[in-house]
Structure formats: C-alpha cells, structure tokens
Amino acid sequence: MKQLMTLVFLALAGHSAAAQDADAVQEDVAEQEAVVVLEPIDGTTVTLEDFLWVARPIVVFADTPADPRYQKQMELLLDRPDPLIERDVVILADTDPAANSALREELRPRGFMLVLIAKDGTVSLRKPFPWDVREITHAIDKWPLRQQEIRDANRPRD
C-alpha cells in the first residue's frame, strides 16, 4: 500500500510540475505576443502596394534625418505605439531625396511631409507639420473601413 501511495504521490507531483512548466511556457508566449514593437520601415525599400488591405501606412518624409520636424514626428509616433498598433499602422520613413524612392515618386513630398494612407491605398491626409498620435488616431477612426472594424469588434460572437 505504501508503494501505491508513493506512486500516486510521484505521479501527482510530476503532473503538477508538468502543468507548471506548461503554464510558464504559455506565459512566455503571451508576453512575447504582447510586446509588439512599432519600428519605422525604410521607405526607400517598399511601395504602398506592399501594404494594400493589410496595414495603414503613415509615411514621414524629410530631406534629412536631422530635420527637427522629422525628429519630432518620429518621437511623437514612437512614444505612443499602442494606439497605432491597434489600428494596423506601419510607419514608413524616407529621409533620402536622392534615392528617388517609389514613395517619393507617388506622393511628391516637398521637404517635411506626413501622409496618412488608408488600407485601400488612398491618400487620406497630408500635413506639412508633425501631428501627435491622438490627432492621427482620431482621423483614422473616422475612416469607413476603421468604423467597420470597430463595429465588427463590438459584434457579439456566436
């Protein structure tokens, strides 16, 4: 009987340890998924078609990375990434006019320019000065596709 109790105890202890290990792995995965970083993408290496129906590009142009308006805009965007991530935003940065990128060809910036582009590829807003995340998300939330996303998120699941 003592042997049986010992086996039951060992089995329960092993199961408990395995369950704890599984919980720890799930927590690690959840933490990794929760840490989504919004890093600017080099705008000279992509086109707007790369993001069609997938993301909402915010394109930040400047003639040099030393432009104070460019630096301020990037600071504003990177200080509050969560609302942008929630809205499927990607940041495209182009500070090299000599590269004559596809983005520059299509959007024709003059110096600093902030451009908000919808998931369908339409240019929704152009600004010649930095905008904060609150203003950007407010503008995005007015777009019809974003309104549909909000309604779908609030719809009860069957």
# chains A, B, ... in the order shown; residues from 1 in each chain; ligands from 1
call {"tool": "residues_around", "arguments": {"residues": "A:Glu105", "least_positions_apart": "6", "cutoff": "12 Å", "atoms": "only C-alpha atoms", "output": "ChimeraX atom specification"}}
result
/A:43-44,47-48,94,97-99
call {"tool": "write_last_selection", "arguments": {"atoms": "N, CA and C atoms", "output": "PDB file, in the first residue's frame"}}
result
ATOM      1  N   GLY A  43      11.487  53.687 -46.013  1.00  0.00           N
ATOM      2  CA  GLY A  43      10.562  53.947 -47.104  1.00  0.00           C
ATOM      3  C   GLY A  43      11.181  53.824 -48.487  1.00  0.00           C
ATOM      4  N   THR A  44      12.506  53.746 -48.562  1.00  0.00           N
ATOM      5  CA  THR A  44      13.145  53.607 -49.879  1.00  0.00           C
ATOM      6  C   THR A  44      13.130  52.165 -50.366  1.00  0.00           C
ATOM      7  N   THR A  47       6.949  49.744 -51.331  1.00  0.00           N
ATOM      8  CA  THR A  47       5.943  50.505 -52.080  1.00  0.00           C
ATOM      9  C   THR A  47       4.638  50.469 -51.298  1.00  0.00           C
ATOM     10  N   LEU A  48       3.725  51.333 -51.650  1.00  0.00           N
ATOM     11  CA  LEU A  48       2.421  51.347 -50.970  1.00  0.00           C
ATOM     12  C   LEU A  48       1.639  50.071 -51.237  1.00  0.00           C
ATOM     13  N   ASP A  94      11.182  58.133 -44.949  1.00  0.00           N
ATOM     14  CA  ASP A  94      12.023  58.387 -46.120  1.00  0.00           C
ATOM     15  C   ASP A  94      12.695  59.739 -45.941  1.00  0.00           C
ATOM     16  N   PRO A  97      16.076  62.159 -50.297  1.00  0.00           N
ATOM     17  CA  PRO A  97      15.502  62.564 -51.586  1.00  0.00           C
ATOM     18  C   PRO A  97      16.308  62.037 -52.782  1.00  0.00           C
ATOM     19  N   ALA A  98      17.608  61.849 -52.616  1.00  0.00           N
ATOM     20  CA  ALA A  98      18.449  61.376 -53.713  1.00  0.00           C
ATOM     21  C   ALA A  98      18.108  59.951 -54.132  1.00  0.00           C
ATOM     22  N   ALA A  99      17.528  59.167 -53.226  1.00  0.00           N
ATOM     23  CA  ALA A  99      17.181  57.780 -53.542  1.00  0.00           C
ATOM     24  C   ALA A  99      16.022  57.699 -54.533  1.00  0.00           C
TER      25      ALA A  99
END
call {"tool": "residues_around", "arguments": {"residues": "A:Val59", "least_positions_apart": "4", "cutoff": "12 Å", "atoms": "only C-alpha atoms", "output": "PyMOL selection string"}}
result
chain A and resi 40-44+46-48+51+70+73-74+77+89-95+103-104+106-109+112-118+123-128+130
call {"tool": "write_last_selection", "arguments": {"atoms": "N, CA and C atoms", "output": "compact mmCIF listing (two decimals), in the first residue's frame"}}
result
# COMPACT_ATOMS: atom_id res chain seq x y z
N PRO A 40 9.98 51.96 -37.35
CA PRO A 40 9.87 52.56 -38.68
C PRO A 40 10.53 51.66 -39.74
N ILE A 41 9.90 51.62 -40.90
CA ILE A 41 10.41 50.85 -42.04
C ILE A 41 11.04 51.85 -43.00
N ASP A 42 12.18 51.48 -43.57
CA ASP A 42 12.85 52.33 -44.54
C ASP A 42 11.97 52.48 -45.77
N GLY A 43 11.49 53.69 -46.01
CA GLY A 43 10.56 53.95 -47.10
C GLY A 43 11.18 53.82 -48.49
N THR A 44 12.51 53.75 -48.56
CA THR A 44 13.14 53.61 -49.88
C THR A 44 13.13 52.16 -50.37
N VAL A 46 10.32 49.98 -49.95
CA VAL A 46 8.96 49.43 -50.05
C VAL A 46 8.11 50.29 -50.99
N THR A 47 6.95 49.74 -51.33
CA THR A 47 5.94 50.50 -52.08
C THR A 47 4.64 50.47 -51.30
N LEU A 48 3.73 51.33 -51.65
CA LEU A 48 2.42 51.35 -50.97
C LEU A 48 1.64 50.07 -51.24
N PHE A 51 1.42 47.17 -48.72
CA PHE A 51 0.57 47.26 -47.53
C PHE A 51 -0.92 47.30 -47.86
N TYR A 70 11.00 66.25 -38.59
CA TYR A 70 11.08 64.79 -38.74
C TYR A 70 11.37 64.15 -37.38
N GLN A 73 8.29 64.34 -35.21
CA GLN A 73 7.25 63.42 -35.64
C GLN A 73 7.57 61.99 -35.23
N MET A 74 8.80 61.57 -35.42
CA MET A 74 9.17 60.21 -35.04
C MET A 74 9.07 60.02 -33.54
N LEU A 77 5.37 59.57 -32.69
CA LEU A 77 4.85 58.27 -33.10
C LEU A 77 5.37 57.14 -32.21
N VAL A 89 -1.32 50.23 -38.04
CA VAL A 89 -0.48 51.26 -38.65
C VAL A 89 0.95 50.74 -38.80
N VAL A 90 1.57 51.08 -39.93
CA VAL A 90 3.01 50.90 -40.12
C VAL A 90 3.60 52.28 -40.42
N ILE A 91 4.81 52.51 -39.93
CA ILE A 91 5.47 53.78 -40.16
C ILE A 91 6.53 53.59 -41.23
N LEU A 92 6.42 54.39 -42.29
CA LEU A 92 7.41 54.38 -43.35
C LEU A 92 8.16 55.71 -43.30
N ALA A 93 9.48 55.64 -43.22
CA ALA A 93 10.29 56.85 -43.11
C ALA A 93 11.20 56.96 -44.33
N ASP A 94 11.18 58.13 -44.95
CA ASP A 94 12.02 58.39 -46.12
C ASP A 94 12.70 59.74 -45.94
N THR A 95 14.00 59.71 -45.66
CA THR A 95 14.75 60.94 -45.46
C THR A 95 15.87 61.10 -46.48
N LEU A 103 7.93 55.72 -53.11
CA LEU A 103 7.04 56.55 -52.29
C LEU A 103 7.15 58.01 -52.69
N ARG A 104 8.36 58.49 -52.92
CA ARG A 104 8.56 59.88 -53.34
C ARG A 104 7.97 60.13 -54.72
N GLU A 106 5.42 58.64 -56.02
CA GLU A 106 3.96 58.62 -55.94
C GLU A 106 3.38 59.78 -55.15
N LEU A 107 4.05 60.15 -54.05
CA LEU A 107 3.46 61.14 -53.13
C LEU A 107 4.02 62.56 -53.29
N ARG A 108 5.13 62.72 -53.97
CA ARG A 108 5.72 64.03 -54.30
C ARG A 108 5.88 64.98 -53.10
N PRO A 109 6.63 64.59 -52.10
CA PRO A 109 6.81 65.48 -50.95
C PRO A 109 7.74 66.64 -51.27
N PHE A 112 9.61 68.37 -45.38
CA PHE A 112 8.90 67.52 -44.42
C PHE A 112 7.45 67.35 -44.87
N MET A 113 6.96 66.12 -44.77
CA MET A 113 5.54 65.86 -45.02
C MET A 113 5.13 64.58 -44.31
N LEU A 114 3.96 64.63 -43.69
CA LEU A 114 3.33 63.47 -43.06
C LEU A 114 2.14 63.08 -43.92
N VAL A 115 2.06 61.80 -44.29
CA VAL A 115 0.96 61.33 -45.13
C VAL A 115 0.30 60.14 -44.45
N LEU A 116 -1.02 60.19 -44.29
CA LEU A 116 -1.79 59.06 -43.77
C LEU A 116 -2.48 58.38 -44.94
N ILE A 117 -2.30 57.08 -45.03
CA ILE A 117 -2.84 56.32 -46.16
C ILE A 117 -3.75 55.22 -45.62
N ALA A 118 -4.92 55.09 -46.21
CA ALA A 118 -5.89 54.08 -45.79
C ALA A 118 -5.46 52.70 -46.29
N VAL A 123 -4.77 58.15 -50.38
CA VAL A 123 -4.15 59.15 -49.51
C VAL A 123 -5.27 59.88 -48.81
N SER A 124 -5.29 59.79 -47.48
CA SER A 124 -6.39 60.38 -46.72
C SER A 124 -6.04 61.74 -46.14
N LEU A 125 -4.75 61.97 -45.90
CA LEU A 125 -4.38 63.22 -45.24
C LEU A 125 -2.91 63.51 -45.49
N ARG A 126 -2.59 64.79 -45.74
CA ARG A 126 -1.21 65.26 -45.87
C ARG A 126 -1.04 66.43 -44.90
N LYS A 127 0.05 66.43 -44.18
CA LYS A 127 0.33 67.52 -43.24
C LYS A 127 1.77 67.99 -43.41
N PRO A 128 2.00 69.30 -43.42
CA PRO A 128 3.36 69.82 -43.54
C PRO A 128 4.05 70.05 -42.18
N PRO A 130 4.40 68.19 -37.88
CA PRO A 130 4.16 66.97 -37.07
C PRO A 130 2.78 66.96 -36.45
call {"tool": "closest_residue", "arguments": {"among": "A:Gly111, A:Pro144, A:Ala153, A:Ala139", "to": "A:Arg69", "atoms": "only C-alpha atoms"}}
result
A:Gly111
call {"tool": "select_by_dssp", "arguments": {"residues": "stretch 27-143 of chain A", "states": "helix (DSSP H, G or I)", "output": "PyMOL selection string"}}
result
chain A and resi 27-34+48-51+68-79+81-86+97-99+102-107+133-141
call {"tool": "atom_distance", "arguments": {"atom1": "atom CA of A:Leu145", "atom2": "atom CA of A:Arg157"}}
result
19.8 Å
call {"tool": "closest_residue", "arguments": {"among": "A:Gln147, A:Gln71, A:Asn154, A:Ser101", "to": "A:Phe129", "atoms": "only C-alpha atoms"}}
result
A:Gln71
call {"tool": "closest_residue", "arguments": {"among": "A:Arg134, A:Arg155, A:Arg110, A:Lys142", "to": "A:Phe61", "atoms": "only C-alpha atoms"}}
result
A:Arg110
call {"tool": "atom_distance", "arguments": {"atom1": "atom CA of A:Ala62", "atom2": "atom CA of A:Glu39"}}
result
17.4 Å
call {"tool": "closest_residue", "arguments": {"among": "A:Ile150, A:Val133, A:Ile140, A:Ala102", "to": "A:Thr45", "atoms": "only C-alpha atoms"}}
result
A:Ala102
call {"tool": "select_by_dssp", "arguments": {"residues": "stretch 58-119 of chain A", "states": "strand (DSSP E)", "output": "JSON, numbers by chain"}}
result
{"A": [58, 59, 60, 61, 89, 90, 91, 92, 93, 94, 113, 114, 115, 116, 117]}
